[in-house]
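Structure first, then comments.
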There are 2 protein chains.
Amino acid sequence: MRVVTTATPLKRPYAARMAPADRREQLLDTAQEIALERGFHAVTIDGVAKAAGVTRPVVYGLFADRAELLAGLLVRAESRALAQLAPALPAVPGPEDYVDPDALLVDGVTAYLSAVRDDPDTWRVILLPPEGAPAELADRLHAVHRDVLRELRVLVSWGMDRRGGAALDVDLFARGVLTLAEGAARLLLQAPDRYPVERFRAFTEDLLAGLLRS
Amino acid sequence: MRVVTTATPLKRPYAARMAPADRREQLLDTAQEIALERGFHAVTIDGVAKAAGVTRPVVYGLFADRAELLAGLLVRAESRALAQLAPALPAVPGPEDYVDPDALLVDGVTAYLSAVRDDPDTWRVILLPPEGAPAELADRLHAVHRDVLRELRVLVSWGMDRRGGAALDVDLFARGVLTLAEGAARLLLQAPDRYPVERFRAFTEDLLAGLLRS
DNA sequence: GAAAATTGCTACAGATCTGTAGCAACATAG
DNA sequence: CTATGTTGCTACAGATCTGTAGCAATTTTC
């Protein structure tokens, strides 16, 4: 059913030498490829070494163990994601700024989804379910999640005041927005043609237009 | 750092005999316990056998391999979930029935979340990220997801007609509802005290009350 | 073009898991 | 209380993975 992908030569032909920093990047690339193809749980030191055309001790020279390798993968993805998002996200308005909360939300969602569209693999690493990753890593992701939620609650709270109308459960609303944004991102990663950023933008606008402004 | 949990007796004391059907249930229970504690990927034939106080051949007598064991786990959870939901979900109204779409949505969400609250472990199996499960199983879950989505789209479409007002992207709306419901379920599983069913019900009502009825 | 430093390899020891074959203990019918 | 079927066990063979020690190939430096 399944064709063997790499017929490893019996005599390993002494892999090209590489500076540690470069080798590290290459190994992370390899690990990422495996993680995106077969999930985090399929990432092993042995597998990465083989796929990179190198022996295990080389990998152990750069990563103490599997956990450190996966941590490296995540840290890299996070920093790339942040670098992309930081300049794109709309600034949080001060209490005296006159900004339309609806427009702010639409812009935020659009910026987020555009980032996902522009660097899908990085975001796949972040949005992949973290099963198979050591508990410590899952915790790390949860921590980020909590931080984002905290900021989002502040923003939502500000927006509701500004918008007026009936008071909604701020925590649930913030979580809902985050959940929907992540869901949209996953959809976009799955089928970017059927679910382009613009479609989500239009939907968000329509939805907000339908919300009472009392 | 970590204490060994079970000091397996060196001479296995001949496990109590059991009819195949009972043994099967017991093994599924054991597998479920492991899956819920450490994730699907941690479920192995060997691990289940040990945890059940039995040897591997006993497990192989009932399940051909890991995939079949996990499939059994999922099938059981699905049928339990369905048995719970079927009598609780509000009936889909015919085209001529006069039902309030908002009330229908609120009732549906409440029924779903109540089911999750009443049998959390079953739903944990279903809502756990399926990494570590064989691809075939993930596909099975996807199929269910698609079926639910199809029904939901019909319902949403009916509700929008009935409700009138601006037309929204039906597919995205249906997916959004499903995503939010699953997110709510996960939250409820995580912290049922902080996130009781009633809280989600109230939130849904408030949110719908804020949607324009033009 | 040798000496020194760097980078990669082979080889071993051990853990955990998969499946299967053949034997041992138990339960029930007669 | 023995015969027969059922249920569970031990033991093997093999795969994949973890780490580490010590050696070999390749650059770089002088």
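Quick note on naming: the chains in the structure tokens go A, B, ... in the order shown, residues restart at 1 in each chain, and ligands are numbered from 1 in order of appearance.
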
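Non-sequential neighbours of C:DA5 (distance at most 12 Å, separation of 5 or more positions within a chain, only C-alpha atoms (C1' of nucleotides)) are DT26, DT27, DT28 and DT29 of chain D.
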
With the cut-off set at 8 Å and counting only C-alpha atoms, tabulate each residue of chain B with an atom at most that distance from an atom of chain A, showing the nearest atom pair and its distance in Å to one decimal, ordered by chain and increasing number, as JSON lines.
```
{"residue": "B:Gly39", "atom": "CA", "partner": "A:Glu131", "partner_atom": "CA", "distance": 6.7}
{"residue": "B:His41", "atom": "CA", "partner": "A:Gly132", "partner_atom": "CA", "distance": 6.4}
{"residue": "B:Pro129", "atom": "CA", "partner": "A:Pro129", "partner_atom": "CA", "distance": 6.1}
{"residue": "B:Glu131", "atom": "CA", "partner": "A:Glu131", "partner_atom": "CA", "distance": 5.8}
{"residue": "B:Gly132", "atom": "CA", "partner": "A:His41", "partner_atom": "CA", "distance": 6.4}
{"residue": "B:Ala166", "atom": "CA", "partner": "A:Gly210", "partner_atom": "CA", "distance": 7.5}
{"residue": "B:Leu168", "atom": "CA", "partner": "A:Asp206", "partner_atom": "CA", "distance": 6.7}
{"residue": "B:Asp169", "atom": "CA", "partner": "A:Phe203", "partner_atom": "CA", "distance": 6.4}
{"residue": "B:Leu172", "atom": "CA", "partner": "A:Phe203", "partner_atom": "CA", "distance": 7.7}
{"residue": "B:Gly176", "atom": "CA", "partner": "A:Leu180", "partner_atom": "CA", "distance": 6.4}
{"residue": "B:Thr179", "atom": "CA", "partner": "A:Gly183", "partner_atom": "CA", "distance": 6.8}
{"residue": "B:Leu180", "atom": "CA", "partner": "A:Gly176", "partner_atom": "CA", "distance": 6.4}
{"residue": "B:Gly183", "atom": "CA", "partner": "A:Thr179", "partner_atom": "CA", "distance": 6.9}
{"residue": "B:Phe203", "atom": "CA", "partner": "A:Asp169", "partner_atom": "CA", "distance": 6.4}
{"residue": "B:Asp206", "atom": "CA", "partner": "A:Leu168", "partner_atom": "CA", "distance": 6.7}
{"residue": "B:Leu207", "atom": "CA", "partner": "A:Leu168", "partner_atom": "CA", "distance": 7.3}
{"residue": "B:Gly210", "atom": "CA", "partner": "A:Leu212", "partner_atom": "CA", "distance": 5.0}
{"residue": "B:Leu211", "atom": "CA", "partner": "A:Leu211", "partner_atom": "CA", "distance": 4.5}
{"residue": "B:Leu212", "atom": "CA", "partner": "A:Gly210", "partner_atom": "CA", "distance": 5.0}
```

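Close contacts of stretch 75-88 of chain B, defined as residues with an atom at most 7 Å away when counting only C-alpha atoms (C1' of nucleotides), with chain neighbours fewer than 6 positions off set aside, comprise B:Ala111, B:Tyr112, B:Ala115, B:Thr122, B:Val125, B:Ile126.
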
Between C:DG30, C:DA2, C:DT16, C:DG22, which has the minimum distance to chain B (counting only C-alpha atoms (C1' of nucleotides))?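 Between C:DG30, C:DA2, C:DT16, C:DG22, the residue approaching chain B most closely is C:DT16.
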
From stretch 24-157 of chain A, collect each residue whose DSSP state is alpha helix (DSSP H) and return the set as a PyMOL selection string. chain A and resi 24-38+45-52+56-60+66-85+101-118+120-127+135-157

Give me a file of those residues, with C-alpha atoms, as a compact mmCIF listing (two decimals), in the first residue's frame.
```
# COMPACT_ATOMS: atom_id res chain seq x y z
CA ARG A 24 20.30 23.20 14.09
CA GLU A 25 18.08 25.01 11.64
CA GLN A 26 18.22 22.12 9.21
CA LEU A 27 17.23 19.66 11.91
CA LEU A 28 14.36 21.88 13.00
CA ASP A 29 13.21 22.08 9.39
CA THR A 30 13.30 18.31 9.16
CA ALA A 31 11.46 17.88 12.44
CA GLN A 32 8.83 20.35 11.31
CA GLU A 33 8.31 18.47 8.08
CA ILE A 34 7.70 15.26 9.99
CA ALA A 35 5.45 16.94 12.53
CA LEU A 36 3.30 18.50 9.81
CA GLU A 37 3.06 15.29 7.85
CA ARG A 38 2.47 12.80 10.63
CA ILE A 45 15.41 11.80 17.41
CA ASP A 46 16.05 8.75 15.30
CA GLY A 47 13.52 9.69 12.68
CA VAL A 48 14.79 13.24 12.37
CA ALA A 49 18.39 12.05 12.09
CA LYS A 50 17.51 9.59 9.33
CA ALA A 51 15.37 12.09 7.43
CA ALA A 52 18.14 14.67 7.63
CA ARG A 56 21.78 10.27 15.90
CA PRO A 57 24.84 11.55 17.76
CA VAL A 58 24.77 14.58 15.49
CA VAL A 59 21.26 15.39 16.66
CA TYR A 60 22.15 14.72 20.28
CA ARG A 66 13.13 14.81 22.12
CA ALA A 67 11.54 17.37 24.44
CA GLU A 68 14.24 19.92 23.70
CA LEU A 69 13.92 19.30 19.99
CA LEU A 70 10.18 19.90 20.07
CA ALA A 71 10.64 22.91 22.30
CA GLY A 72 13.05 24.32 19.76
CA LEU A 73 10.49 23.79 17.05
CA LEU A 74 7.80 25.59 18.99
CA VAL A 75 9.97 28.45 20.11
CA ARG A 76 11.02 29.09 16.54
CA ALA A 77 7.44 29.01 15.32
CA GLU A 78 6.33 31.34 18.08
CA SER A 79 8.99 33.88 17.39
CA ARG A 80 8.27 33.80 13.67
CA ALA A 81 4.58 34.20 14.35
CA LEU A 82 5.15 37.10 16.67
CA ALA A 83 7.48 38.81 14.23
CA GLN A 84 4.72 38.58 11.64
CA LEU A 85 1.90 39.70 13.89
CA PRO A 101 -14.64 48.72 18.16
CA ASP A 102 -16.21 46.82 15.26
CA ALA A 103 -13.57 48.05 12.85
CA LEU A 104 -10.89 47.16 15.37
CA LEU A 105 -12.16 43.59 15.62
CA VAL A 106 -12.43 43.22 11.87
CA ASP A 107 -8.93 44.57 11.37
CA GLY A 108 -7.54 42.32 14.06
CA VAL A 109 -9.11 39.20 12.60
CA THR A 110 -7.98 40.14 9.12
CA ALA A 111 -4.42 40.77 10.25
CA TYR A 112 -4.32 37.47 12.09
CA LEU A 113 -5.71 35.44 9.23
CA SER A 114 -3.45 37.17 6.72
CA ALA A 115 -0.46 36.20 8.82
CA VAL A 116 -1.66 32.60 8.85
CA ARG A 117 -2.16 32.64 5.11
CA ASP A 118 1.29 34.09 4.47
CA PRO A 120 1.04 28.52 6.80
CA ASP A 121 3.64 26.04 8.00
CA THR A 122 4.65 28.16 10.95
CA TRP A 123 1.04 28.47 12.01
CA ARG A 124 0.36 24.82 11.47
CA VAL A 125 3.00 24.10 14.10
CA ILE A 126 1.23 26.43 16.52
CA LEU A 127 -2.30 25.32 15.73
CA ALA A 135 3.34 17.76 28.93
CA GLU A 136 5.78 20.58 29.57
CA LEU A 137 5.27 21.82 26.02
CA ALA A 138 1.52 21.64 26.18
CA ASP A 139 1.78 23.79 29.29
CA ARG A 140 3.83 26.32 27.40
CA LEU A 141 1.15 26.62 24.74
CA HIS A 142 -1.49 26.97 27.42
CA ALA A 143 0.45 29.81 28.98
CA VAL A 144 0.53 31.71 25.71
CA HIS A 145 -3.17 31.05 25.32
CA ARG A 146 -3.84 32.52 28.75
CA ASP A 147 -1.83 35.64 27.96
CA VAL A 148 -3.68 36.22 24.72
CA LEU A 149 -6.97 35.70 26.52
CA ARG A 150 -6.11 38.23 29.17
CA GLU A 151 -5.41 40.91 26.60
CA LEU A 152 -8.48 39.98 24.65
CA ARG A 153 -10.69 40.34 27.70
CA VAL A 154 -9.44 43.87 28.24
CA LEU A 155 -10.15 44.70 24.63
CA VAL A 156 -13.59 43.14 24.65
CA SER A 157 -14.46 44.93 27.84
```

Pick out the residues sitting within 12 Å of D:DG5, and hand them over as a list of chain:residue names; count only C-alpha atoms (C1' of nucleotides), and ignore anything fewer than 5 positions along from it in its own chain.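 Neighbouring residues, sequence-local ones excluded: C:DC26, C:DA27, C:DT28, C:DA29.
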
Output N, CA and C atoms (P, O5', C5', C4', C3', O3' and C1' of nucleotides) for every residue in that selection, as a JSON list (two decimals), in the first residue's frame.
```json
[["chain", "number", "residue", "atom", "x", "y", "z"],
["C", 26, "DC", "P", -5.33, -22.27, 38.99],
["C", 26, "DC", "O5'", -6.82, -22.42, 38.43],
["C", 26, "DC", "C5'", -7.35, -21.30, 37.72],
["C", 26, "DC", "C4'", -8.50, -21.75, 36.87],
["C", 26, "DC", "C3'", -9.72, -22.27, 37.63],
["C", 26, "DC", "O3'", -10.69, -21.26, 37.55],
["C", 26, "DC", "C1'", -9.31, -23.47, 35.61],
["C", 27, "DA", "P", -12.03, -21.38, 38.36],
["C", 27, "DA", "O5'", -12.99, -22.09, 37.30],
["C", 27, "DA", "C5'", -13.30, -21.39, 36.11],
["C", 27, "DA", "C4'", -14.32, -22.18, 35.30],
["C", 27, "DA", "C3'", -15.53, -22.68, 36.08],
["C", 27, "DA", "O3'", -16.65, -22.39, 35.28],
["C", 27, "DA", "C1'", -14.45, -24.51, 35.00],
["C", 28, "DT", "P", -18.13, -22.45, 35.90],
["C", 28, "DT", "O5'", -18.72, -23.71, 35.13],
["C", 28, "DT", "C5'", -18.54, -23.76, 33.71],
["C", 28, "DT", "C4'", -18.82, -25.16, 33.20],
["C", 28, "DT", "C3'", -20.04, -25.84, 33.83],
["C", 28, "DT", "O3'", -20.84, -26.31, 32.75],
["C", 28, "DT", "C1'", -18.17, -27.29, 33.88],
["C", 29, "DA", "P", -22.28, -26.94, 33.03],
["C", 29, "DA", "O5'", -22.14, -28.32, 32.22],
["C", 29, "DA", "C5'", -21.38, -28.34, 31.00],
["C", 29, "DA", "C4'", -21.23, -29.77, 30.53],
["C", 29, "DA", "C3'", -22.46, -30.63, 30.73],
["C", 29, "DA", "O3'", -22.54, -31.59, 29.68],
["C", 29, "DA", "C1'", -20.69, -31.45, 32.09]]
```

Could you give me, as JSON lines, a per-residue list for chain D showing, wherever an atom lies at most 9 Å from an atom of chain B, the closest pair of atoms and their distance in Å to one decimal, using only C-alpha atoms (C1' of nucleotides) and sorting by chain then residue number from low to high?
```
{"residue": "D:DT7", "atom": "C1'", "partner": "B:Arg17", "partner_atom": "CA", "distance": 6.4}
{"residue": "D:DG8", "atom": "C1'", "partner": "B:Val58", "partner_atom": "CA", "distance": 6.8}
{"residue": "D:DC9", "atom": "C1'", "partner": "B:Thr55", "partner_atom": "CA", "distance": 7.3}
```

How about saving the chosen residues, N, CA and C atoms (P, O5', C5', C4', C3', O3' and C1' of nucleotides) kept, as a PDB file, in the first residue's frame?
```pdb
ATOM      1  P    DT D   7     -13.969 -18.463  27.130  1.00  0.00           P
ATOM      2  O5'  DT D   7     -12.688 -18.030  27.963  1.00  0.00           O
ATOM      3  C5'  DT D   7     -12.705 -18.171  29.382  1.00  0.00           C
ATOM      4  C4'  DT D   7     -11.294 -18.065  29.904  1.00  0.00           C
ATOM      5  C3'  DT D   7     -10.519 -16.833  29.401  1.00  0.00           C
ATOM      6  O3'  DT D   7     -10.212 -16.041  30.528  1.00  0.00           O
ATOM      7  C1'  DT D   7      -9.190 -18.803  29.333  1.00  0.00           C
ATOM      8  P    DG D   8      -9.401 -14.700  30.391  1.00  0.00           P
ATOM      9  O5'  DG D   8      -7.929 -15.185  30.722  1.00  0.00           O
ATOM     10  C5'  DG D   8      -7.626 -15.635  32.028  1.00  0.00           C
ATOM     11  C4'  DG D   8      -6.194 -16.131  32.079  1.00  0.00           C
ATOM     12  C3'  DG D   8      -5.141 -15.083  31.675  1.00  0.00           C
ATOM     13  O3'  DG D   8      -4.218 -14.939  32.742  1.00  0.00           O
ATOM     14  C1'  DG D   8      -4.780 -17.138  30.552  1.00  0.00           C
ATOM     15  P    DC D   9      -2.929 -14.015  32.584  1.00  0.00           P
ATOM     16  O5'  DC D   9      -1.778 -15.088  32.333  1.00  0.00           O
ATOM     17  C5'  DC D   9      -1.619 -16.158  33.235  1.00  0.00           C
ATOM     18  C4'  DC D   9      -0.357 -16.959  32.908  1.00  0.00           C
ATOM     19  C3'  DC D   9       0.845 -16.074  32.614  1.00  0.00           C
ATOM     20  O3'  DC D   9       1.942 -16.434  33.436  1.00  0.00           O
ATOM     21  C1'  DC D   9       0.430 -17.578  30.790  1.00  0.00           C
TER      22       DC D   9
END
```

Hey, list the chain C side of the contact with chain B: 12 Å cut-off, only C-alpha atoms (C1' of nucleotides), answer as a list in words.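 Here they are: DT16, DC17, DT18, DG19, DT20, DA21, DA24, DA25, DC26 and DA27 of chain C.
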
Can you tell me how far atom CA of A:Asp161 sits from atom CA of A:Val92, in Å to one decimal? 14.6 Å

Rounded to one decimal, what separation in Å do you get between atom CA of A:Gly159 and atom CA of B:Arg194?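 Computed distance, atom CA of A:Gly159 to atom CA of B:Arg194, equals 23.9 Å.
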
Between atom CA of A:Gly53 and atom C1' of C:DC9, what is the distance in Å, rounded to a tenth?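 That distance, rounded to one decimal, is 12.1 Å.
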